[in-house]
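Structure file query17.txt (compact mmCIF, C-alpha atoms) follows.
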```txt
# COMPACT_ATOMS: atom_id res chain seq x y z
CA MET A 1 27.80 19.63 52.98
CA ARG A 2 31.01 19.01 54.90
CA SER A 3 31.01 15.83 56.97
CA LEU A 4 33.36 14.21 59.48
CA ILE A 5 33.31 10.42 59.81
CA VAL A 6 34.98 8.97 62.90
CA HIS A 7 35.41 5.24 62.27
CA ASN A 8 36.60 2.41 64.48
CA ILE A 9 37.89 -0.08 61.92
CA ASP A 10 38.32 -2.76 64.60
CA SER A 11 34.83 -2.46 66.02
CA GLY A 12 33.09 -5.42 64.40
CA PRO A 13 32.40 -7.61 61.37
CA GLY A 14 30.30 -4.95 59.59
CA SER A 15 32.78 -2.11 59.72
CA ASN A 16 33.31 -1.97 55.93
CA ALA A 17 29.69 -0.86 55.39
CA ILE A 18 30.73 2.65 56.35
CA PHE A 19 32.29 3.10 52.91
CA ALA A 20 28.98 2.36 51.16
CA PHE A 21 27.37 4.91 53.49
CA GLU A 22 30.02 7.49 52.56
CA ARG A 23 29.37 7.04 48.82
CA ASN A 24 25.66 7.65 49.33
CA LEU A 25 26.29 10.66 51.54
CA LEU A 26 28.39 12.52 48.98
CA GLY A 27 26.93 14.73 46.28
CA ARG A 28 28.42 17.34 43.97
CA GLY A 29 30.45 19.86 45.91
CA ASP A 30 30.36 17.85 49.15
CA GLU A 31 33.39 16.98 51.24
CA THR A 32 33.96 14.10 53.67
CA VAL A 33 36.83 13.79 56.13
CA MET A 34 37.34 10.29 57.56
CA ARG A 35 39.37 9.78 60.71
CA VAL A 36 40.12 6.15 61.54
CA LEU A 37 40.69 5.52 65.22
CA GLY A 38 43.86 3.84 66.41
CA LEU A 39 43.80 1.13 69.07
CA THR A 40 44.38 3.65 71.85
CA THR A 41 43.09 6.88 70.29
CA PRO A 42 40.46 8.58 72.51
CA VAL A 43 37.43 9.54 70.42
CA ALA A 44 37.36 12.97 72.05
CA GLU A 45 40.75 13.81 70.52
CA VAL A 46 39.42 13.64 66.97
CA LEU A 47 36.28 15.66 67.75
CA THR A 48 37.84 18.88 68.99
CA ASP A 49 36.92 20.65 65.71
CA ALA A 50 33.49 19.02 65.32
CA GLU A 51 31.76 22.41 65.03
CA ASP A 52 33.65 23.01 61.77
CA PHE A 53 31.50 20.32 60.09
CA ASP A 54 27.84 20.21 59.09
CA LEU A 55 27.59 16.57 60.20
CA VAL A 56 29.57 14.20 62.41
CA VAL A 57 29.22 10.44 61.88
CA LEU A 58 30.19 8.08 64.71
CA SER A 59 30.93 4.64 63.27
CA GLY A 60 31.70 1.78 65.63
CA GLY A 61 30.27 -0.29 68.45
CA ASP A 62 28.37 1.02 71.44
CA GLY A 63 31.56 1.98 73.27
CA THR A 64 32.93 4.05 70.39
CA VAL A 65 29.59 5.70 69.69
CA THR A 66 28.89 6.55 73.33
CA ASN A 67 32.36 8.01 73.84
CA GLY A 68 31.77 10.19 70.80
CA LEU A 69 28.34 11.33 71.95
CA TYR A 70 29.72 12.17 75.38
CA ALA A 71 32.48 14.26 73.79
CA LEU A 72 29.82 16.06 71.71
CA ARG A 73 27.35 16.60 74.56
CA ASN A 74 25.70 20.03 74.65
CA ARG A 75 27.63 21.17 71.55
CA ALA A 76 24.60 21.17 69.18
CA VAL A 77 26.51 19.21 66.50
CA PRO A 78 24.22 17.20 64.14
CA THR A 79 25.34 13.60 64.62
CA CYS A 80 24.70 10.29 62.88
CA VAL A 81 25.14 6.93 64.65
CA PHE A 82 26.39 4.27 62.23
CA PRO A 83 26.34 0.60 63.40
CA SER A 84 29.77 -0.97 62.88
CA GLY A 85 30.05 -2.98 66.11
CA THR A 86 28.97 -6.39 67.37
CA ALA A 87 25.70 -5.66 69.19
CA ASN A 88 24.99 -2.02 68.14
CA LEU A 89 22.37 -1.67 70.87
CA LEU A 90 22.30 2.13 70.80
CA PHE A 91 21.57 2.10 67.07
CA SER A 92 18.90 -0.59 67.58
CA ASN A 93 17.24 1.52 70.25
CA LEU A 94 17.12 4.48 67.85
CA GLY A 95 15.01 2.28 65.58
CA ASN A 96 16.50 3.55 62.30
CA ALA A 97 16.69 1.41 59.18
CA THR A 98 19.98 -0.49 58.91
CA GLU A 99 20.78 -0.05 55.19
CA PRO A 100 23.71 2.35 54.58
CA THR A 101 21.77 4.11 51.82
CA VAL A 102 18.81 4.83 54.12
CA ILE A 103 21.06 6.01 56.96
CA ALA A 104 22.79 8.40 54.55
CA GLN A 105 19.43 9.70 53.33
CA SER A 106 18.29 10.41 56.90
CA CYS A 107 21.36 12.63 57.29
CA LEU A 108 20.63 14.41 54.02
CA ASP A 109 17.00 14.92 55.07
CA GLY A 110 18.27 16.75 58.14
CA ASN A 111 15.91 15.15 60.65
CA PHE A 112 17.79 15.35 63.95
CA ARG A 113 16.26 14.88 67.38
CA PRO A 114 17.60 16.08 70.76
CA LEU A 115 18.10 12.90 72.80
CA ASP A 116 19.32 12.15 76.32
CA LEU A 117 22.62 10.65 77.44
CA GLY A 118 23.63 9.19 80.78
CA GLU A 119 26.72 10.06 82.84
CA LEU A 120 28.29 7.42 85.10
CA SER A 121 30.81 8.02 87.91
CA TRP A 122 32.60 5.58 90.23
CA THR A 123 35.64 5.47 92.49
CA ASN A 124 38.48 3.31 91.16
CA GLY A 125 40.94 1.19 93.11
CA SER A 126 43.25 4.16 93.58
CA GLY A 127 40.51 6.21 95.20
CA GLU A 128 40.10 8.46 92.14
CA LEU A 129 36.74 9.43 90.68
CA GLU A 130 36.19 8.31 87.06
CA THR A 131 33.36 9.71 84.94
CA ARG A 132 32.12 8.46 81.55
CA GLY A 133 29.04 8.76 79.37
CA PHE A 134 26.66 5.95 78.48
CA GLY A 135 23.94 5.68 75.88
CA VAL A 136 22.09 2.43 76.63
CA MET A 137 22.73 0.90 80.06
CA SER A 138 25.50 0.45 82.59
CA GLY A 139 25.75 -1.27 85.92
CA ILE A 140 27.40 -3.58 88.40
CA GLY A 141 27.03 -7.28 89.07
CA PHE A 142 25.95 -10.11 86.80
CA ASP A 143 25.67 -7.97 83.66
CA ALA A 144 29.26 -6.76 84.01
CA GLN A 145 30.40 -10.32 84.70
CA ILE A 146 28.76 -11.42 81.45
CA MET A 147 30.41 -8.62 79.46
CA GLN A 148 33.80 -9.52 80.89
CA THR A 149 33.41 -13.19 79.98
CA ALA A 150 32.12 -12.37 76.49
CA SER A 151 34.77 -9.79 75.62
CA ASP A 152 37.32 -12.29 74.29
CA GLY A 153 34.82 -14.04 72.02
CA LYS A 154 32.94 -11.14 70.45
CA GLN A 155 35.18 -10.85 67.39
CA THR A 156 34.84 -14.56 66.49
CA MET A 157 31.39 -15.45 67.88
CA GLY A 158 29.52 -12.16 67.54
CA GLU A 159 26.40 -11.88 69.70
CA ALA A 160 26.57 -15.62 70.49
CA ALA A 161 29.45 -14.77 72.84
CA TYR A 162 26.96 -13.17 75.25
CA PHE A 163 24.80 -16.29 75.45
CA ALA A 164 27.87 -18.47 75.99
CA ALA A 165 28.93 -16.10 78.79
CA VAL A 166 25.56 -16.54 80.53
CA LEU A 167 25.97 -20.31 80.55
CA ALA A 168 29.42 -19.89 82.08
CA ASN A 169 28.07 -17.69 84.94
CA LEU A 170 24.90 -19.38 86.16
CA ASN A 171 25.46 -18.68 89.87
CA PRO A 172 26.50 -15.02 90.28
CA PRO A 173 26.97 -13.44 93.73
CA VAL A 174 23.91 -11.88 95.38
CA SER A 175 24.27 -8.36 96.81
CA THR A 176 22.19 -5.96 98.85
CA PHE A 177 21.86 -2.71 96.90
CA THR A 178 21.15 0.63 98.52
CA ILE A 179 19.61 2.78 95.77
CA THR A 180 18.96 6.49 96.19
CA VAL A 181 16.81 8.01 93.44
CA ASP A 182 16.32 11.77 93.58
CA GLY A 183 16.82 11.71 97.34
CA VAL A 184 14.60 8.68 98.09
CA THR A 185 16.41 5.53 99.26
CA HIS A 186 15.42 1.92 98.54
CA THR A 187 17.10 -1.33 99.63
CA ARG A 188 16.88 -4.42 97.43
CA LYS A 189 18.68 -7.76 96.99
CA GLY A 190 19.72 -9.08 93.60
CA ILE A 191 22.50 -10.06 91.22
CA SER A 192 22.73 -6.76 89.30
CA CYS A 193 21.80 -3.11 89.60
CA ILE A 194 21.67 -1.47 86.18
CA VAL A 195 20.92 2.12 85.20
CA CYS A 196 19.30 2.64 81.80
CA ASN A 197 18.93 5.47 79.32
CA THR A 198 17.04 3.05 77.07
CA ALA A 199 16.49 -0.66 77.54
CA MET A 200 16.10 -2.74 74.40
CA ILE A 201 18.55 -5.66 74.29
CA GLN A 202 19.45 -8.27 71.68
CA GLY A 203 16.50 -9.75 69.81
CA ASP A 204 14.54 -6.47 70.13
CA ILE A 205 13.50 -7.46 73.67
CA ASN A 206 12.36 -4.41 75.60
CA ILE A 207 13.37 -5.03 79.21
CA LEU A 208 11.84 -1.79 80.56
CA PRO A 209 8.83 -0.63 78.53
CA GLY A 210 8.55 3.14 78.46
CA CYS A 211 12.25 3.73 79.07
CA THR A 212 13.14 6.17 76.28
CA MET A 213 15.97 8.47 75.26
CA ASP A 214 13.84 11.62 75.29
CA ASP A 215 12.09 11.51 78.68
CA GLY A 216 14.72 13.48 80.61
CA GLN A 217 15.35 10.75 83.17
CA LEU A 218 17.10 7.44 83.79
CA ASP A 219 15.62 4.11 84.90
CA VAL A 220 17.41 1.88 87.38
CA MET A 221 16.55 -1.80 87.56
CA VAL A 222 17.51 -4.47 90.05
CA LEU A 223 17.70 -8.06 88.82
CA ALA A 224 16.02 -9.42 91.93
CA THR A 225 17.03 -13.04 91.45
CA THR A 226 19.45 -15.51 93.04
CA ASP A 227 20.55 -17.27 89.86
CA ALA A 228 20.86 -16.54 86.15
CA ALA A 229 18.19 -19.07 85.12
CA GLN A 230 15.44 -16.91 86.64
CA LEU A 231 16.29 -14.18 84.13
CA LEU A 232 14.63 -16.27 81.44
CA MET A 233 11.27 -15.13 82.84
CA PRO A 234 11.62 -11.38 82.13
CA ILE A 235 13.24 -12.14 78.77
CA PHE A 236 10.33 -14.42 77.83
CA ALA A 237 7.92 -11.75 79.07
CA GLY A 238 9.64 -9.22 76.81
CA ILE A 239 9.08 -11.48 73.81
CA ILE A 240 5.37 -12.17 74.32
CA ASP A 241 4.44 -8.84 75.96
CA PRO A 242 6.69 -6.13 74.44
CA LEU A 243 4.79 -3.24 76.06
CA GLY A 244 4.74 -4.83 79.52
CA GLN A 245 0.99 -4.33 79.88
CA THR A 246 -0.04 -7.93 80.66
CA ILE A 247 2.62 -9.81 82.61
CA GLY A 248 5.16 -7.08 83.34
CA ARG A 249 8.77 -8.07 83.96
CA PRO A 250 9.14 -10.78 86.64
CA HIS A 251 12.23 -10.54 88.89
CA ILE A 252 12.91 -6.92 87.88
CA GLU A 253 12.42 -3.99 90.27
CA ARG A 254 12.40 -0.55 88.67
CA PHE A 255 12.86 3.06 89.80
CA SER A 256 13.08 6.25 87.74
CA GLY A 257 14.72 9.62 88.28
CA THR A 258 17.33 12.11 87.15
CA SER A 259 20.02 11.39 89.76
CA ILE A 260 20.77 7.85 90.99
CA HIS A 261 23.30 6.64 93.55
CA VAL A 262 23.92 2.92 94.10
CA GLU A 263 25.91 1.19 96.84
CA SER A 264 26.56 -2.58 96.94
CA SER A 265 27.14 -4.72 100.03
CA VAL A 266 29.86 -6.64 98.17
CA PRO A 267 32.42 -5.45 95.58
CA LEU A 268 31.25 -6.18 92.02
CA PRO A 269 32.52 -5.69 88.45
CA ILE A 270 31.18 -2.71 86.49
CA GLN A 271 30.32 -2.33 82.79
CA ARG A 272 29.43 0.62 80.60
CA ASP A 273 27.37 0.11 77.43
CA GLY A 274 28.50 -3.49 77.16
CA ASP A 275 32.19 -2.83 77.70
CA PRO A 276 33.70 -4.18 80.94
CA VAL A 277 35.59 -1.45 82.77
CA GLY A 278 37.98 -4.00 84.26
CA GLN A 279 37.47 -2.76 87.81
CA ILE A 280 35.75 -4.00 90.96
CA VAL A 281 33.66 -1.33 92.71
CA THR A 282 31.17 -0.98 95.55
CA GLY A 283 28.87 1.50 93.84
CA TYR A 284 28.34 4.26 91.28
CA HIS A 285 26.48 7.49 90.62
CA ALA A 286 24.44 8.13 87.46
CA THR A 287 22.96 11.37 86.15
CA CYS A 288 20.74 12.08 83.15
CA LEU A 289 22.03 14.60 80.60
CA PRO A 290 18.72 15.66 78.98
CA LYS A 291 18.61 16.52 75.26
CA SER A 292 22.41 16.59 75.15
CA ASN A 293 22.89 15.39 71.54
CA LEU A 294 21.29 16.03 68.15
CA ILE A 295 20.98 12.58 66.53
CA ALA A 296 19.76 11.65 63.05
CA VAL A 297 16.57 9.57 62.91
CA ASP A 298 14.46 8.33 60.02
CA GLU A 299 10.77 7.55 59.59
CA HIS A 300 11.25 4.05 61.07
CA SER A 301 12.36 5.51 64.42
CA PRO A 302 9.96 6.12 67.33
CA TYR A 303 11.78 9.45 67.77
CA TYR A 304 11.02 10.64 64.24
CA ARG A 305 9.14 13.90 63.75
CA GLN A 306 8.21 15.24 60.34
```
Full structure transcribed into structure tokens:
Amino acid sequence: MRSLIVHNIDSGPGSNAIFAFERNLLGRGDETVMRVLGLTTPVAEVLTDAEDFDLVVLSGGDGTVTNGLYALRNRAVPTCVFPSGTANLLFSNLGNATEPTVIAQSCLDGNFRPLDLGELSWTNGSGELETRGFGVMSGIGFDAQIMQTASDGKQTMGEAAYFAAVLANLNPPVSTFTITVDGVTHTRKGISCIVCNTAMIQGDINILPGCTMDDGQLDVMVLATTDAAQLLMPIFAGIIDPLGQTIGRPHIERFSGTSIHVESSVPLPIQRDGDPVGQIVTGYHATCLPKSNLIAVDEHSPYYRQ
């Protein structure tokens, strides 16, 4: 087997685990090519020859992994997601075991599932349209504000940086969102409007039960609150009622579809898979890319099929 590993060595505290994975991936006659990303190297640049390999491994945080998956969309390249970042939410949502040896074995077993990806577009300050992929969730408002505040502390504080960022932003601005889902328009007030391909956050809290990476659609949620403290209610609900069958998700409004357009009454920051874009926008457009990537899963994953 000939494998390509694309590794972001600056992605997080667990980035050295990729070398243990590589040792377990290799057998007699196998070949591995490792390409370490530079600080400004676009992932797409090192994936132009991806079809020349039997397996591509994307090793990094959610930003690195999502950029790689977007570059590989609709190319039918067997791909492994390896968690080397801070939060690794995409990997957590896959539900695979975390040990490098088990991840390597799932690649050797050849169990790959076609999973969805999201595509996000917005108009930047220069009036130009920017388009990127996302694997977990992206949006505007309070969530992007949190990611911006936490960005400087992730390397030293890890996931605790996100909780510190919440405490520093307890009174976010409230906006009126105009949300068009597959041609049907809704108007809601809240502090964030987030579009999701899957929706499990830190602590294995499922914010939107039933939002999966193989249903061919996206879910958009409005955090219909006026302050950050009220978000404790849906988080607590996610802990005690993971499937959302008893108490639901208070202060969250949800819509589902394949094409979603969002406009905000006030300019807000935007984030993509936990990475702040560094721009202020008044809306975005999101589209589902169904079954766009072949991704390795193991028997622990809800997407596993024998």
Can you work out the spacing between atom CA of A:Ser59 and atom CA of A:Arg305 in Å, to one decimal?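 So the two atoms, atom CA of A:Ser59 and atom CA of A:Arg305, lie 23.7 Å apart.
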So how far away is atom CA of A:Asn111 from atom CA of A:Val195, in Å? 28.2 Å
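The neighbours of stretch 212-226 of chain A here are the residues that come within 6 Å of it, using only C-alpha atoms and leaving out any residue fewer than 4 positions away in the same chain; they are Leu115, Asp116, Lys189, Gly190, Ile191, Ser192, Cys193, Ile194, Val195, Cys196, Asn197, Thr198, His251, Ile252, Glu253, Arg254, Phe255, Ser256, Gly257, Thr258, Cys288 and Pro290 of chain A.
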Pick the closest to A:Val102 from A:Asp10, A:Glu51, A:Asp182, A:Glu22: which is it, counting all atoms listed in the file? A:Glu22
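Candidate residues A:Tyr284, A:Trp122, A:Tyr303, A:Phe134 were compared for distance to A:Ala71, and the nearest is A:Phe134, using only C-alpha atoms.
Here atom CA of A:Pro172 is placed at a distance of 24.9 Å from atom CA of A:Asp204.
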Skip A:Val77 itself and residues of its chain fewer than 4 positions away, then list as a list in words all residues within 9 Å of it, counting all atoms listed in the file. Ala50, Glu51, Phe53, Asp54, Leu55, Val56, Leu72, Arg73, Asn293, Leu294 and Ile295 of chain A
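For the point (38.1, 9.0, 58.4), the residues with an atom at a distance of at most 10 Å are Ser3, Leu4, Ile5, Val6, His7, Asn8, Ile9, Ile18, Phe19, Thr32, Val33, Met34, Arg35, Val36, Leu37, Val46, Val57 and Ser59 of chain A, counting all atoms listed in the file.
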With C-alpha atoms retained, could you export that selection as a PDB file, in the frame of the given file?
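And here is the file that came out, again_22.pdb:
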```
ATOM      1  CA  SER A   3      31.010  15.830  56.970  1.00  0.00           C
ATOM      2  CA  LEU A   4      33.360  14.210  59.480  1.00  0.00           C
ATOM      3  CA  ILE A   5      33.310  10.420  59.810  1.00  0.00           C
ATOM      4  CA  VAL A   6      34.980   8.970  62.900  1.00  0.00           C
ATOM      5  CA  HIS A   7      35.410   5.240  62.270  1.00  0.00           C
ATOM      6  CA  ASN A   8      36.600   2.410  64.480  1.00  0.00           C
ATOM      7  CA  ILE A   9      37.890  -0.080  61.920  1.00  0.00           C
ATOM      8  CA  ILE A  18      30.730   2.650  56.350  1.00  0.00           C
ATOM      9  CA  PHE A  19      32.290   3.100  52.910  1.00  0.00           C
ATOM     10  CA  THR A  32      33.960  14.100  53.670  1.00  0.00           C
ATOM     11  CA  VAL A  33      36.830  13.790  56.130  1.00  0.00           C
ATOM     12  CA  MET A  34      37.340  10.290  57.560  1.00  0.00           C
ATOM     13  CA  ARG A  35      39.370   9.780  60.710  1.00  0.00           C
ATOM     14  CA  VAL A  36      40.120   6.150  61.540  1.00  0.00           C
ATOM     15  CA  LEU A  37      40.690   5.520  65.220  1.00  0.00           C
ATOM     16  CA  VAL A  46      39.420  13.640  66.970  1.00  0.00           C
ATOM     17  CA  VAL A  57      29.220  10.440  61.880  1.00  0.00           C
ATOM     18  CA  SER A  59      30.930   4.640  63.270  1.00  0.00           C
TER      19      SER A  59
END
```
Select all residues near (27.7, -0.9, 75.7) (cut-off 10 Å, inclusive, file coordinates), counting all atoms listed in the file, and output them as a ChimeraX atom specification. /A:61-66,87-90,134-138,147,271-276
Nearest to A:Phe177, restricted to only C-alpha atoms and choosing among A:Val262, A:Cys80, A:Ile207, A:Leu117, comes out as A:Val262
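Take the candidates A:Arg188, A:Arg75, A:Arg132, A:His261 and check each one against A:Lys291 using all atoms listed in the file; the shortest distance goes to A:Arg75.
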Residue nearest A:Val184 - candidates A:Ala286, A:Ile260, A:Ala20, A:Ile146, atoms counted: all atoms listed in the file: A:Ile260
Would you please work out which residue, of A:Thr40, A:Gln145, A:Thr185, A:Thr287, is nearest to A:Gly133 when using only C-alpha atoms?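 Closest candidate: A:Thr287.
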